[in-house]
$ cat structure.pdb   # PDB, C-alpha atoms
MODEL        1
ATOM      1  CA  MET A 631     103.861  29.121 -19.941  1.00  0.00           C
ATOM      2  CA  THR A 632     101.588  32.009 -20.612  1.00  0.00           C
ATOM      3  CA  CYS A 633     102.411  34.790 -18.140  1.00  0.00           C
ATOM      4  CA  GLY A 634     105.013  36.453 -15.972  1.00  0.00           C
ATOM      5  CA  HIS A 635     103.909  34.416 -12.966  1.00  0.00           C
ATOM      6  CA  CYS A 636     104.729  31.205 -14.856  1.00  0.00           C
ATOM      7  CA  VAL A 637     108.164  32.575 -15.725  1.00  0.00           C
ATOM      8  CA  GLY A 638     108.771  33.399 -12.063  1.00  0.00           C
ATOM      9  CA  SER A 639     107.625  29.969 -10.913  1.00  0.00           C
ATOM     10  CA  VAL A 640     109.981  28.170 -13.286  1.00  0.00           C
ATOM     11  CA  ALA A 641     112.887  30.493 -12.496  1.00  0.00           C
ATOM     12  CA  GLU A 642     112.349  29.995  -8.757  1.00  0.00           C
ATOM     13  CA  ALA A 643     112.164  26.193  -9.068  1.00  0.00           C
ATOM     14  CA  VAL A 644     115.347  25.988 -11.138  1.00  0.00           C
ATOM     15  CA  SER A 645     117.217  28.575  -9.036  1.00  0.00           C
ATOM     16  CA  ALA A 646     116.665  26.436  -5.945  1.00  0.00           C
ATOM     17  CA  LEU A 647     118.766  23.606  -7.405  1.00  0.00           C
ATOM     18  CA  ASP A 648     122.314  23.043  -6.220  1.00  0.00           C
ATOM     19  CA  GLY A 649     124.723  23.909  -9.001  1.00  0.00           C
ATOM     20  CA  VAL A 650     122.636  26.633 -10.648  1.00  0.00           C
ATOM     21  CA  ASP A 651     124.589  29.885 -10.848  1.00  0.00           C
ATOM     22  CA  ASP A 652     122.102  31.750 -13.039  1.00  0.00           C
ATOM     23  CA  VAL A 653     118.784  31.031 -14.728  1.00  0.00           C
ATOM     24  CA  ARG A 654     116.952  32.953 -17.448  1.00  0.00           C
ATOM     25  CA  VAL A 655     113.441  32.108 -18.539  1.00  0.00           C
ATOM     26  CA  GLU A 656     111.998  33.851 -21.580  1.00  0.00           C
ATOM     27  CA  LEU A 657     108.297  34.086 -22.340  1.00  0.00           C
ATOM     28  CA  VAL A 658     107.925  33.869 -26.112  1.00  0.00           C
ATOM     29  CA  ALA A 659     104.724  34.020 -28.145  1.00  0.00           C
ATOM     30  CA  GLY A 660     103.548  30.641 -29.364  1.00  0.00           C
ATOM     31  CA  GLY A 661     104.330  28.782 -26.146  1.00  0.00           C
ATOM     32  CA  ALA A 662     108.065  28.213 -26.617  1.00  0.00           C
ATOM     33  CA  SER A 663     109.816  29.428 -23.486  1.00  0.00           C
ATOM     34  CA  PRO A 664     113.572  28.897 -23.516  1.00  0.00           C
ATOM     35  CA  VAL A 665     115.243  28.263 -20.161  1.00  0.00           C
ATOM     36  CA  THR A 666     118.964  28.987 -19.971  1.00  0.00           C
ATOM     37  CA  VAL A 667     120.901  27.690 -16.957  1.00  0.00           C
ATOM     38  CA  THR A 668     124.503  28.480 -16.102  1.00  0.00           C
ATOM     39  CA  GLY A 669     126.385  26.269 -13.668  1.00  0.00           C
ATOM     40  CA  PRO A 670     127.150  22.609 -13.060  1.00  0.00           C
ATOM     41  CA  ALA A 671     123.530  21.489 -12.516  1.00  0.00           C
ATOM     42  CA  SER A 672     122.549  18.541 -14.709  1.00  0.00           C
ATOM     43  CA  ALA A 673     119.945  18.805 -17.445  1.00  0.00           C
ATOM     44  CA  ASP A 674     117.982  16.013 -15.741  1.00  0.00           C
ATOM     45  CA  SER A 675     117.780  17.923 -12.455  1.00  0.00           C
ATOM     46  CA  VAL A 676     116.624  21.070 -14.275  1.00  0.00           C
ATOM     47  CA  ARG A 677     113.980  19.095 -16.159  1.00  0.00           C
ATOM     48  CA  THR A 678     112.758  17.453 -12.946  1.00  0.00           C
ATOM     49  CA  ALA A 679     112.499  20.826 -11.174  1.00  0.00           C
ATOM     50  CA  ILE A 680     110.479  22.338 -14.019  1.00  0.00           C
ATOM     51  CA  GLU A 681     108.133  19.342 -14.151  1.00  0.00           C
ATOM     52  CA  ALA A 682     107.750  19.379 -10.357  1.00  0.00           C
ATOM     53  CA  ALA A 683     106.654  23.015 -10.648  1.00  0.00           C
ATOM     54  CA  GLY A 684     103.841  21.797 -12.914  1.00  0.00           C
ATOM     55  CA  TYR A 685     105.205  22.602 -16.358  1.00  0.00           C
ATOM     56  CA  ARG A 686     105.912  20.412 -19.375  1.00  0.00           C
ATOM     57  CA  VAL A 687     109.440  20.211 -20.759  1.00  0.00           C
ATOM     58  CA  ARG A 688     110.211  19.693 -24.429  1.00  0.00           C
ATOM     59  CA  ILE A 689     113.776  19.452 -25.638  1.00  0.00           C
TER      60      ILE A 689
ENDMDL
END
$ encode --input "structure.pdb" --output "structure tokens"
Amino acid sequence: MTCGHCVGSVAEAVSALDGVDDVRVELVAGGASPVTVTGPASADSVRTAIEAAGYRVRI
């Protein structure tokens, strides 16, 4: 992710999942963008939502 629009796209995709109470996406220099999710949503569903939005996930 390289801009605020990317952050918004990821946050929107993850927020739409059932079981997500809160999501925070941070844009950090160097391409690492931590995503923090609170709630019972599974890590697999979060990963799938981010990839479906067109972004790569590295854990």
$ residues_around --input "structure.pdb" --residues "Ser645 of chain A" --least-positions-apart "4" --cutoff "12 Å" --atoms "only C-alpha atoms" --output "short mmCIF file (atom, residue, chain, number, x, y, z; two decimals) with C-alpha atoms, in the coordinates of the input"
data_model
loop_
_atom_site.label_atom_id
_atom_site.label_comp_id
_atom_site.auth_asym_id
_atom_site.auth_seq_id
_atom_site.Cartn_x
_atom_site.Cartn_y
_atom_site.Cartn_z
CA VAL A 637 108.16 32.58 -15.72
CA GLY A 638 108.77 33.40 -12.06
CA SER A 639 107.62 29.97 -10.91
CA VAL A 640 109.98 28.17 -13.29
CA ALA A 641 112.89 30.49 -12.50
CA GLY A 649 124.72 23.91 -9.00
CA VAL A 650 122.64 26.63 -10.65
CA ASP A 651 124.59 29.88 -10.85
CA ASP A 652 122.10 31.75 -13.04
CA VAL A 653 118.78 31.03 -14.73
CA ARG A 654 116.95 32.95 -17.45
CA VAL A 655 113.44 32.11 -18.54
CA VAL A 665 115.24 28.26 -20.16
CA THR A 666 118.96 28.99 -19.97
CA VAL A 667 120.90 27.69 -16.96
CA THR A 668 124.50 28.48 -16.10
CA GLY A 669 126.38 26.27 -13.67
CA ALA A 671 123.53 21.49 -12.52
CA SER A 675 117.78 17.92 -12.46
CA VAL A 676 116.62 21.07 -14.28
CA ALA A 679 112.50 20.83 -11.17
CA ILE A 680 110.48 22.34 -14.02
#
$ atom_distance --input "structure.pdb" --atom1 "atom CA of Leu647 of chain A" --atom2 "atom CA of Met631 of chain A"
20.2 Å
$ atom_distance --input "structure.pdb" --atom1 "atom CA of Asp648 of chain A" --atom2 "atom CA of Cys633 of chain A"
26.0 Å
$ closest_residue --input "structure.pdb" --among "A:Ser663, A:Glu656, A:Thr678, A:Arg688" --to "Val644 of chain A" --atoms "all atoms listed in the file"
A:Thr678
$ closest_residue --input "structure.pdb" --among "A:Ala683, A:Val658, A:Ile689, A:Pro670" --to "Ala643 of chain A" --atoms "only C-alpha atoms"
A:Ala683
$ decode --input "structure.pdb" --residues "segment 631-648 of chain A" --atoms "N, CA, C and O atoms" --output "PDB file, in the first residue's frame"
ATOM      1  N   MET A 631       0.838  -1.170   0.000  1.00  0.00           N
ATOM      2  CA  MET A 631       0.000   0.000   0.000  1.00  0.00           C
ATOM      3  C   MET A 631       0.882   1.231   0.000  1.00  0.00           C
ATOM      4  O   MET A 631       1.910   1.256   0.675  1.00  0.00           O
ATOM      5  N   THR A 632       0.434   2.216  -0.753  1.00  0.00           N
ATOM      6  CA  THR A 632       1.280   3.395  -0.886  1.00  0.00           C
ATOM      7  C   THR A 632       0.573   4.710  -0.581  1.00  0.00           C
ATOM      8  O   THR A 632       1.210   5.750  -0.602  1.00  0.00           O
ATOM      9  N   CYS A 633      -0.730   4.685  -0.300  1.00  0.00           N
ATOM     10  CA  CYS A 633      -1.432   5.952  -0.091  1.00  0.00           C
ATOM     11  C   CYS A 633      -2.641   5.770   0.827  1.00  0.00           C
ATOM     12  O   CYS A 633      -3.019   4.658   1.170  1.00  0.00           O
ATOM     13  N   GLY A 634      -3.239   6.891   1.176  1.00  0.00           N
ATOM     14  CA  GLY A 634      -4.412   6.873   2.033  1.00  0.00           C
ATOM     15  C   GLY A 634      -5.588   6.143   1.407  1.00  0.00           C
ATOM     16  O   GLY A 634      -6.389   5.532   2.115  1.00  0.00           O
ATOM     17  N   HIS A 635      -5.704   6.213   0.086  1.00  0.00           N
ATOM     18  CA  HIS A 635      -6.790   5.499  -0.587  1.00  0.00           C
ATOM     19  C   HIS A 635      -6.641   3.986  -0.385  1.00  0.00           C
ATOM     20  O   HIS A 635      -7.627   3.289  -0.149  1.00  0.00           O
ATOM     21  N   CYS A 636      -5.420   3.497  -0.477  1.00  0.00           N
ATOM     22  CA  CYS A 636      -5.159   2.067  -0.249  1.00  0.00           C
ATOM     23  C   CYS A 636      -5.566   1.673   1.169  1.00  0.00           C
ATOM     24  O   CYS A 636      -6.213   0.641   1.378  1.00  0.00           O
ATOM     25  N   VAL A 637      -5.193   2.496   2.133  1.00  0.00           N
ATOM     26  CA  VAL A 637      -5.549   2.236   3.526  1.00  0.00           C
ATOM     27  C   VAL A 637      -7.060   2.144   3.664  1.00  0.00           C
ATOM     28  O   VAL A 637      -7.600   1.228   4.288  1.00  0.00           O
ATOM     29  N   GLY A 638      -7.764   3.090   3.060  1.00  0.00           N
ATOM     30  CA  GLY A 638      -9.232   3.089   3.117  1.00  0.00           C
ATOM     31  C   GLY A 638      -9.836   1.879   2.457  1.00  0.00           C
ATOM     32  O   GLY A 638     -10.821   1.314   2.959  1.00  0.00           O
ATOM     33  N   SER A 639      -9.280   1.449   1.341  1.00  0.00           N
ATOM     34  CA  SER A 639      -9.794   0.276   0.633  1.00  0.00           C
ATOM     35  C   SER A 639      -9.653  -0.989   1.477  1.00  0.00           C
ATOM     36  O   SER A 639     -10.581  -1.793   1.568  1.00  0.00           O
ATOM     37  N   VAL A 640      -8.503  -1.153   2.100  1.00  0.00           N
ATOM     38  CA  VAL A 640      -8.281  -2.331   2.942  1.00  0.00           C
ATOM     39  C   VAL A 640      -9.183  -2.273   4.172  1.00  0.00           C
ATOM     40  O   VAL A 640      -9.821  -3.260   4.535  1.00  0.00           O
ATOM     41  N   ALA A 641      -9.250  -1.117   4.811  1.00  0.00           N
ATOM     42  CA  ALA A 641     -10.091  -0.975   6.001  1.00  0.00           C
ATOM     43  C   ALA A 641     -11.554  -1.271   5.669  1.00  0.00           C
ATOM     44  O   ALA A 641     -12.250  -1.951   6.426  1.00  0.00           O
ATOM     45  N   GLU A 642     -12.025  -0.781   4.540  1.00  0.00           N
ATOM     46  CA  GLU A 642     -13.410  -1.015   4.129  1.00  0.00           C
ATOM     47  C   GLU A 642     -13.664  -2.498   3.865  1.00  0.00           C
ATOM     48  O   GLU A 642     -14.688  -3.042   4.291  1.00  0.00           O
ATOM     49  N   ALA A 643     -12.736  -3.159   3.180  1.00  0.00           N
ATOM     50  CA  ALA A 643     -12.905  -4.583   2.864  1.00  0.00           C
ATOM     51  C   ALA A 643     -12.953  -5.426   4.135  1.00  0.00           C
ATOM     52  O   ALA A 643     -13.787  -6.323   4.273  1.00  0.00           O
ATOM     53  N   VAL A 644     -12.072  -5.135   5.079  1.00  0.00           N
ATOM     54  CA  VAL A 644     -12.017  -5.913   6.314  1.00  0.00           C
ATOM     55  C   VAL A 644     -13.201  -5.574   7.217  1.00  0.00           C
ATOM     56  O   VAL A 644     -13.793  -6.453   7.848  1.00  0.00           O
ATOM     57  N   SER A 645     -13.601  -4.315   7.263  1.00  0.00           N
ATOM     58  CA  SER A 645     -14.725  -3.893   8.101  1.00  0.00           C
ATOM     59  C   SER A 645     -16.029  -4.563   7.690  1.00  0.00           C
ATOM     60  O   SER A 645     -16.923  -4.744   8.511  1.00  0.00           O
ATOM     61  N   ALA A 646     -16.137  -4.915   6.415  1.00  0.00           N
ATOM     62  CA  ALA A 646     -17.365  -5.529   5.912  1.00  0.00           C
ATOM     63  C   ALA A 646     -17.547  -6.973   6.373  1.00  0.00           C
ATOM     64  O   ALA A 646     -18.633  -7.535   6.243  1.00  0.00           O
ATOM     65  N   LEU A 647     -16.503  -7.577   6.925  1.00  0.00           N
ATOM     66  CA  LEU A 647     -16.584  -8.968   7.367  1.00  0.00           C
ATOM     67  C   LEU A 647     -17.422  -9.103   8.627  1.00  0.00           C
ATOM     68  O   LEU A 647     -17.358  -8.252   9.519  1.00  0.00           O
ATOM     69  N   ASP A 648     -18.187 -10.194   8.705  1.00  0.00           N
ATOM     70  CA  ASP A 648     -18.868 -10.520   9.953  1.00  0.00           C
ATOM     71  C   ASP A 648     -17.814 -10.826  11.006  1.00  0.00           C
ATOM     72  O   ASP A 648     -16.819 -11.492  10.722  1.00  0.00           O
TER      73      ASP A 648
END
